[in-house]
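Engineer: Just passing along the structure, written as structure tokens.
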Amino acid sequence: MRFVDEFRDADKAHALAARITELCEPGQRYKFMEVCGGHTHTIYKHGLEDYLPEAITLVHGPGCPVCVIPMGRVDDAIHLASEPDTIMTSFGDMMRVPGSQGSFFDAKAAGTDIRMVYSPLDSLKIAKQNPDKRVVFMAIGFETTTPSTAMTVLRAKAMGLENFSVFCNHVTIIPAIKAILDSPDLRLDGFIGPGHVSTVIGCRPYEFIASSYGKPVVVAGFEPLDILQSIYMLMLQLSEGRSEVENQYTRVVPWDGNLAALTAINEVMELRPYFEWRGLGFITHSAMRLREGFRAFDAEVLFGVPGVRVADPKACQCGEVLKGVLKPWECKVFGTACTPETPIGTCMVSPEGACAAYYNYGRMNRRRVVEVELTRP
Amino acid sequence: MTGRGTNWVDEALREHEEHAAAEEAAARNADAGDAGAGDAGGAARAAGRDATPSDREQQVLDRIDRARRRRPRIREERITMSHGAGGKASRTLVEAVFLDAFRNPLLEPLEDAAQLQVGGARLALTTDTYVVSPLFFPGGNIGDLAVNGTVNDLAVSGATPLYLSAGFVLEEGFGVADLTTIVASMTAAAEAAGVQVVTGDTKVVERGKADGCYINTAGVGVVEHHLALGAATARPGDAVIVSGPVGDHGVTIMLARGELDIEADLTSDTAAMNGMIAGLLEAVPGVRAMRDATRGGVATILNEVAVAAGVGVLVEEDQIPVRTQVRGAAELLGIDPMYVASEGRMVAVVDGGQADDALAALRAHPLGEQAAIIGHITADQPGIVLLKTAFGGTRIVDLLVGDPLPRIC
Amino acid sequence: MCLGIPGEVVEFLPDQPDLARVDVSGVRRVINIGLLADDPPEPGEWVLIHVGFALSKIDEGEAAAALEFLEGIGQAYADELAALAESRIE
């Protein structure tokens with residue numbers, strides 16, 4: 001597959017791994033955080049950590065938009081789906097997220113009409129085919145996905161659809177990163193920036209991380225060589241005493257982002273004053289809702305939701321895992337009470353959650369790829 | 001309403017605390033038992049206190065391993081689509097409900113067919129129900145799927161397939177012409193496989209049930225060789241072979257549903273493998289086990305072997321044959337071809353020294369032209385399937401929890 | 001969720017300027033290219049696809065440059081390995 005296979009080449013990985021190892025100062029340890037579920041997934045799926053020296057640890061941040069949805073919001077969604085003559089459409093990743101009374105999957109088994117879709121546009125098709133039902137799309141995702149929902153709402157308006165609405169749970173990445181940076185628990189040396197979010201927002205929004213917090217940022221692609229190269233670029237910055245924002249994913253990410261996407265978001269949505277993130281608490285200006293002019297497509301406004309705040313189960317340490325303070329296996333209930341079949345928290349439910357990725361892919365004796373020491377004369 | 005009370009978390013925690021307490025007590029008793037012979041338990045506990053991060057991680061991995069070996073329990077109050085996916089939930093359902101109730105030594109191996117002694121003959125008996133949607137798809141329909149599927153279950157169990165039964169549940173309003181087409185396909189498939197449909201049944205249910213047509217087939221065959229086949233016989237050094245590119249059927253069905261607006265030039269790989277398998281068994285006495293790679297895909301079979309035989313399995317990603325288009329569709333949908341069903345492919349575990357002969361025997365048959373050795377059985381990390389990725393790193397291949405592709409067979 | 005796949009634009013749909021058919025390893029799907037309205041892709045160009053929308057064009061020049069960099073690192077590494085191996089032969 002073009003633009004995929006070339007970036008999975010094992011030989012080039014060896015070379016990068018050697019370079020990365022060379023840049024490690026003896027006795028020093030390095031911690032880099034990635035804030036994108038897709039990166040977490042790639043790292044584990046390809047066994048990328050096998051190429052990294054012991055000195056480097058990768059930490060997984062709150063980059064999985066499914067993982068950060070509080071249980072109360074899942075309950076709200078199920079409430080909407082359970083209304084008479086309602087069809088809820090949702091991405092597959094949401095289906096197993098536990099609310100306080102069970103997941104979408106459980107609701108479906110009990111008779112609620114919840115359907116998996118690949119694209120928000122598929123909901124429009126379903127709405128057209130079922131004029132006597134209401135179709136509610138469960139909208140989730142960071143800025144990567146927000147423009148798609150916005151475009152779908154605009155299209156629904158253009159089509160004059162009257163039975164389509166959106167339950168908007170889109171969140172924004174920068175406030176989450178800021179919450180991590182301000183957290184006293186964490187010492188990070190740099191960030192692997194979210195590649196696909198950046199195709200929309202560009203690279204500029206990360207500049208405060210480099211300038212105000214002095215941490216290097218490299219916006220990374222999603223193939224294993226992309227991530228390995230990004231780590232190399234971070235180590236290079238550290239060794240040269242720089243802290244800048246760099247773009248490794250230049251083949252896809254424009255420095256200024258996608259203006260059409262940002263315009264669509266801005267036309268349809270606005271920032272909520274605050275929003276609750278699972279594990280991180282309430283964060284201001286961190287999530288989107290539909291603007292007044294699009295009320296007709298806002299399920300929350302049209303139909304109302306209970307809006308009950310549900311506290312995470314006491315045993316759940318998702319918050320600390322999402323902040324990168326705990327590794328998945330350090331959570332007290334990891335793998336025993338909390339497994340992919342019986343997920344207590346969202347880190348385990350979403351296939352991109354750190355706990356699920358580790359449980360499904362990384363739960364093994366690590367075998368480091370043999371590195372060759374290149375001694376310099 | 002959704003069938004799970006609010007205290008399911010507390011329940012799960014309590015259950016694990018009970019188990020952990022039981023394990024501690026057992027460990028303490030064992031310690032008391034060999035207090036004279038050295039304090040292994042004490043050493044382990046001391047290690048827990050002074051452990052390095054990787055020791056602590058290993059302790060967690062061990063704890064998880066013990067948790068996974070526990071007797072499965074059904075937690076849900078209702079059946080969900082996961083229970084039909086062929087992954088973890090299906091397994092739990094089978095073990096906790098069916099195996100528990102019917103418990104007998106003939107059922108316990110849970111292989112693709114049961115091995116029976118009747119009079120002096122060794123017979124194999126299998127059954128399958130087909131609920132595929134849509135009923136007609138590129139490469140076949142529910143009819144030939146049913147015949148081939150049952151023939152294959154008998155063949156991978158080492159039996160020569162002989163006789164099939166066919167039970168139909170038809171929805172009121174289903175077209176007779178469609179039914180005739182399906183049955184004609186079954187006739188052709190049965191002829192090609194050298195079997196006969198000798199008994200059957202028909203029921204009709206009201207409009208809205210049975211989604212057109214469901215078919216159940218049972219099959220009986222005779223076992224004429226003297227091999228002891230079974231996943232539990234796999235041992236370190238054995239080779240793992242797949243008979244051809246995987247995932248064609250599952251992806252074809254997914255695309256044929258038309259919900260995804262994806263077009264591809266793919267057809268189902270449904271085929272009767274008894275001819276190919278007979279050739280393999282004749283040429284290679286060292287076949288340990290064979291499995292039909294249907295629901296759950298290759299990954300599920302590898303896990304079953306690892307657990308049944310208490311061995312490790314190591315496979316190489318770039319050795320697993322997958323058609324380009326199946327790969328493309330899978331990437332687009334975010335699913336892994338290792339978990340996608342085929343209906344004319346099998347996985348064989350074969351004595352390492354005879355792997356090349358096995359490959360040659362498979363490749364000599366049209367269905368096995370692209371057969372490949374994808375990995376080996378190891379003594380490392382028993383019960384776990386490891387994948388060496390094309391990138392060079394290693395990761396686990398676990399059973400799936402949910403269902404990426406519902407109702408594909 | 002961040003799932004973005006590269007696909008090649010094959011053709012536009014006749015009366016729907018916002019839609020294009022893309023090819024991913026021989027598999028085709030119609031996607032919405034409305035987010036690239038400022039600089040629409042031509043057939044033969046590659047785009048990044050996410051949940052049925054094209055988010056960005058794939059810049060082949062940059063891709064080639066990225067690969068060249070990786071090749072370079074790979075080659076330098078291979079050269080050094082060779083040098084190391086040679087230097088062991090005493």
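Identifiers in this document derive from the order of the structure tokens: chains are assigned A, B, ..., residues are numbered from 1 separately in each chain, and ligands are numbered from 1 in order of occurrence.
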I'd like a table as CSV: residues in chain A with an atom no more than 6 Å from chain C, each row giving the shortest atom pair and its distance in Å to one decimal, only C-alpha atoms counted, sorted by chain and rising residue number.
Structural biologist:
residue,atom,partner,partner_atom,distance
A:Lys12,CA,C:Gly74,CA,5.0
A:Ala15,CA,C:Gly74,CA,5.1
A:Gly38,CA,C:Cys2,CA,5.2
A:Tyr118,CA,C:Val51,CA,5.9
A:Ser119,CA,C:Val51,CA,4.5
A:Thr250,CA,C:Glu62,CA,6.0
A:Arg251,CA,C:Glu62,CA,4.7
A:Val252,CA,C:Ile58,CA,5.1
A:Ala260,CA,C:Leu35,CA,5.4
A:Ala261,CA,C:Leu35,CA,5.6
Engineer: Those same residues, written as an mmCIF file, in the first residue's frame with C-alpha atoms?
Structural biologist:
data_model
loop_
_atom_site.group_PDB
_atom_site.id
_atom_site.type_symbol
_atom_site.label_atom_id
_atom_site.label_comp_id
_atom_site.auth_asym_id
_atom_site.auth_seq_id
_atom_site.Cartn_x
_atom_site.Cartn_y
_atom_site.Cartn_z
ATOM 1 C CA LYS A 12 15.241 1.940 8.229
ATOM 2 C CA ALA A 15 19.143 2.881 11.562
ATOM 3 C CA GLY A 38 -3.839 6.534 16.930
ATOM 4 C CA TYR A 118 -18.286 4.472 9.272
ATOM 5 C CA SER A 119 -18.968 8.125 8.411
ATOM 6 C CA THR A 250 5.056 17.127 6.193
ATOM 7 C CA ARG A 251 3.509 14.934 3.523
ATOM 8 C CA VAL A 252 0.087 15.417 5.134
ATOM 9 C CA ALA A 260 -11.946 25.168 4.985
ATOM 10 C CA ALA A 261 -12.199 22.724 7.886
#
Engineer: Tell me, which residues of chain C carry DSSP strand (DSSP E or B), written as a count of residues only?
Structural biologist: 34
Engineer: If we count only C-alpha atoms and set the cut-off at 9 Å, which residues sit around region 188-195 of chain A, ignoring sequence neighbours fewer than 6 positions away in its own chain? Please answer as a ChimeraX atom specification.
Structural biologist: /A:30-39,59,63,173,181,203,206,209-210,214-222,227,230-231,234-235,238,243,245,247-249,252-253 /C:2
Engineer: What lies within 9 Å of region 128-141 of chain A using only C-alpha atoms, ignoring chain neighbours under 4 positions off, as JSON, numbers by chain?
Structural biologist: {"A": [64, 65, 66, 69, 77, 80, 81, 84, 85, 86, 87, 88, 89, 90, 91, 94, 120, 123, 124, 145, 146, 149, 161, 162, 163, 164, 165, 166, 167, 168, 169, 170, 171, 172, 297, 298, 299], "C": [1, 2]}
Engineer: Using only C-alpha atoms, find the residues of chain B whose closest atom to chain C is at most 8 Å away, then write them as a JSON list (two decimals) with N, CA and C atoms, in the first residue's frame.
Structural biologist:
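To be explicit, this is the file written out as out-v7.json:
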[["chain", "number", "residue", "atom", "x", "y", "z"],
["B", 261, "ASP", "N", -20.76, 1.38, 1.18],
["B", 261, "ASP", "CA", -20.45, 2.07, -0.07],
["B", 261, "ASP", "C", -19.04, 1.81, -0.53],
["B", 262, "ILE", "N", -18.55, 0.63, -0.27],
["B", 262, "ILE", "CA", -17.20, 0.30, -0.74],
["B", 262, "ILE", "C", -17.33, -0.73, -1.84],
["B", 263, "GLU", "N", -16.65, -0.49, -2.95],
["B", 263, "GLU", "CA", -16.69, -1.46, -4.05],
["B", 263, "GLU", "C", -15.32, -2.11, -4.17],
["B", 264, "ALA", "N", -15.32, -3.40, -4.37],
["B", 264, "ALA", "CA", -14.04, -4.08, -4.59],
["B", 264, "ALA", "C", -14.31, -5.33, -5.41],
["B", 265, "ASP", "N", -13.26, -5.79, -6.06],
["B", 265, "ASP", "CA", -13.39, -6.96, -6.90],
["B", 265, "ASP", "C", -13.09, -8.21, -6.09],
["B", 324, "THR", "N", -4.25, -8.13, -1.69],
["B", 324, "THR", "CA", -4.10, -6.67, -1.61],
["B", 324, "THR", "C", -5.42, -5.99, -1.30],
["B", 325, "GLN", "N", -6.50, -6.41, -1.98],
["B", 325, "GLN", "CA", -7.78, -5.73, -1.78],
["B", 325, "GLN", "C", -8.35, -5.99, -0.40],
["B", 327, "ARG", "N", -6.55, -6.41, 2.22],
["B", 327, "ARG", "CA", -5.76, -5.51, 3.06],
["B", 327, "ARG", "C", -6.28, -4.08, 2.98],
["B", 328, "GLY", "N", -6.55, -3.65, 1.74],
["B", 328, "GLY", "CA", -7.04, -2.28, 1.55],
["B", 328, "GLY", "C", -8.36, -2.05, 2.27],
["B", 329, "ALA", "N", -9.30, -2.98, 2.07],
["B", 329, "ALA", "CA", -10.61, -2.83, 2.72],
["B", 329, "ALA", "C", -10.46, -2.87, 4.23],
["B", 331, "GLU", "N", -7.84, -2.02, 6.06],
["B", 331, "GLU", "CA", -7.25, -0.76, 6.52],
["B", 331, "GLU", "C", -8.31, 0.33, 6.56],
["B", 332, "LEU", "N", -9.11, 0.38, 5.50],
["B", 332, "LEU", "CA", -10.16, 1.39, 5.40],
["B", 332, "LEU", "C", -11.14, 1.27, 6.57],
["B", 334, "GLY", "N", -10.52, -0.29, 9.40],
["B", 334, "GLY", "CA", -9.86, -0.38, 10.70],
["B", 334, "GLY", "C", -9.95, -1.76, 11.33]]
Engineer: Would you mind writing down, as a ChimeraX atom specification, each residue of region 203-401 of chain B that DSSP on the backbone assigns to helix (DSSP H, G or I)?
Structural biologist: /B:231-233,248-256,274-283,297-309,317-319,324-333,337-339,352-363,366-368
Engineer: Within 9 Å of His19 (chain B), counting only C-alpha atoms, which residues show up once you throw out same-chain ones fewer than 5 positions away? Write them as a list of chain:residue names, please.
Structural biologist: B:Arg14, B:Glu24, B:Ala67
Engineer: With N, CA and C atoms retained, could you export that selection as a tab-separated table (two decimals), in the first residue's frame?
Structural biologist:
chain	number	residue	atom	x	y	z
B	14	ARG	N	-15.24	-7.35	43.80
B	14	ARG	CA	-15.37	-8.30	44.90
B	14	ARG	C	-14.91	-9.68	44.46
B	24	GLU	N	-3.74	-16.10	47.95
B	24	GLU	CA	-2.80	-15.79	49.03
B	24	GLU	C	-2.82	-16.89	50.06
B	67	ALA	N	-5.64	-14.75	36.33
B	67	ALA	CA	-7.03	-14.31	36.18
B	67	ALA	C	-7.64	-14.89	34.91
Engineer: Distance cut-off 7 Å, counting only C-alpha atoms - which residues of chain A neighbour chain B? Return them as a VMD selection string.
Structural biologist: chain A and resid 8 to 10 44 to 48 50 100 to 102 106 to 107 109 to 110 329 335 to 337 340 to 341 344 360 to 363
Engineer: Figure out the distance between CA of Leu290 (chain A) and CA of Val305 (chain A), please, to one decimal in Å.
Structural biologist: 15.3 Å
Engineer: Quick one: everything within 12 Å of Phe282 (chain A), counting only C-alpha atoms, minus sequence neighbours fewer than 6 positions away in the same chain. Send it as a PyMOL selection string.
Structural biologist: chain A and resi 68-70+175-176+179+272-276+309
Engineer: Keeping only C-alpha atoms, write those residues as a tab-separated table (two decimals), in the first residue's frame.
Structural biologist:
chain	number	residue	atom	x	y	z
A	68	VAL	CA	-12.41	10.99	27.86
A	69	ILE	CA	-16.21	10.80	27.67
A	70	PRO	CA	-17.61	10.67	31.21
A	175	PRO	CA	-6.71	22.44	26.75
A	176	ALA	CA	-5.99	18.76	27.44
A	179	ALA	CA	-3.87	20.37	31.75
A	272	ARG	CA	-18.72	25.37	25.44
A	273	PRO	CA	-17.76	27.39	28.53
A	274	TYR	CA	-16.60	24.14	30.16
A	275	PHE	CA	-16.88	20.38	29.70
A	276	GLU	CA	-16.18	17.42	31.90
A	309	ARG	CA	-22.90	13.57	36.63
Engineer: In Å, with one decimal, what is the gap from CA of Leu13 (chain C) to CA of Ala150 (chain A)?
Structural biologist: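 Between these atoms lies a distance of 21.9 Å.
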Engineer: Nearest residue to Gln117 (chain B) out of B:Ile142, B:Ile215, B:Ile253, B:Val223, using only C-alpha atoms?
Structural biologist: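 Nearest candidate to Gln117 (chain B) out of B:Ile142, B:Ile215, B:Ile253, B:Val223: B:Val223.
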Engineer: What separation in Å, quoted to one decimal, exists between CA of Pro245 (chain B) and CA of Gln370 (chain B)?
Structural biologist: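 Taking CA of Pro245 (chain B) as the start and CA of Gln370 (chain B) as the end point, the length is 6.9 Å.
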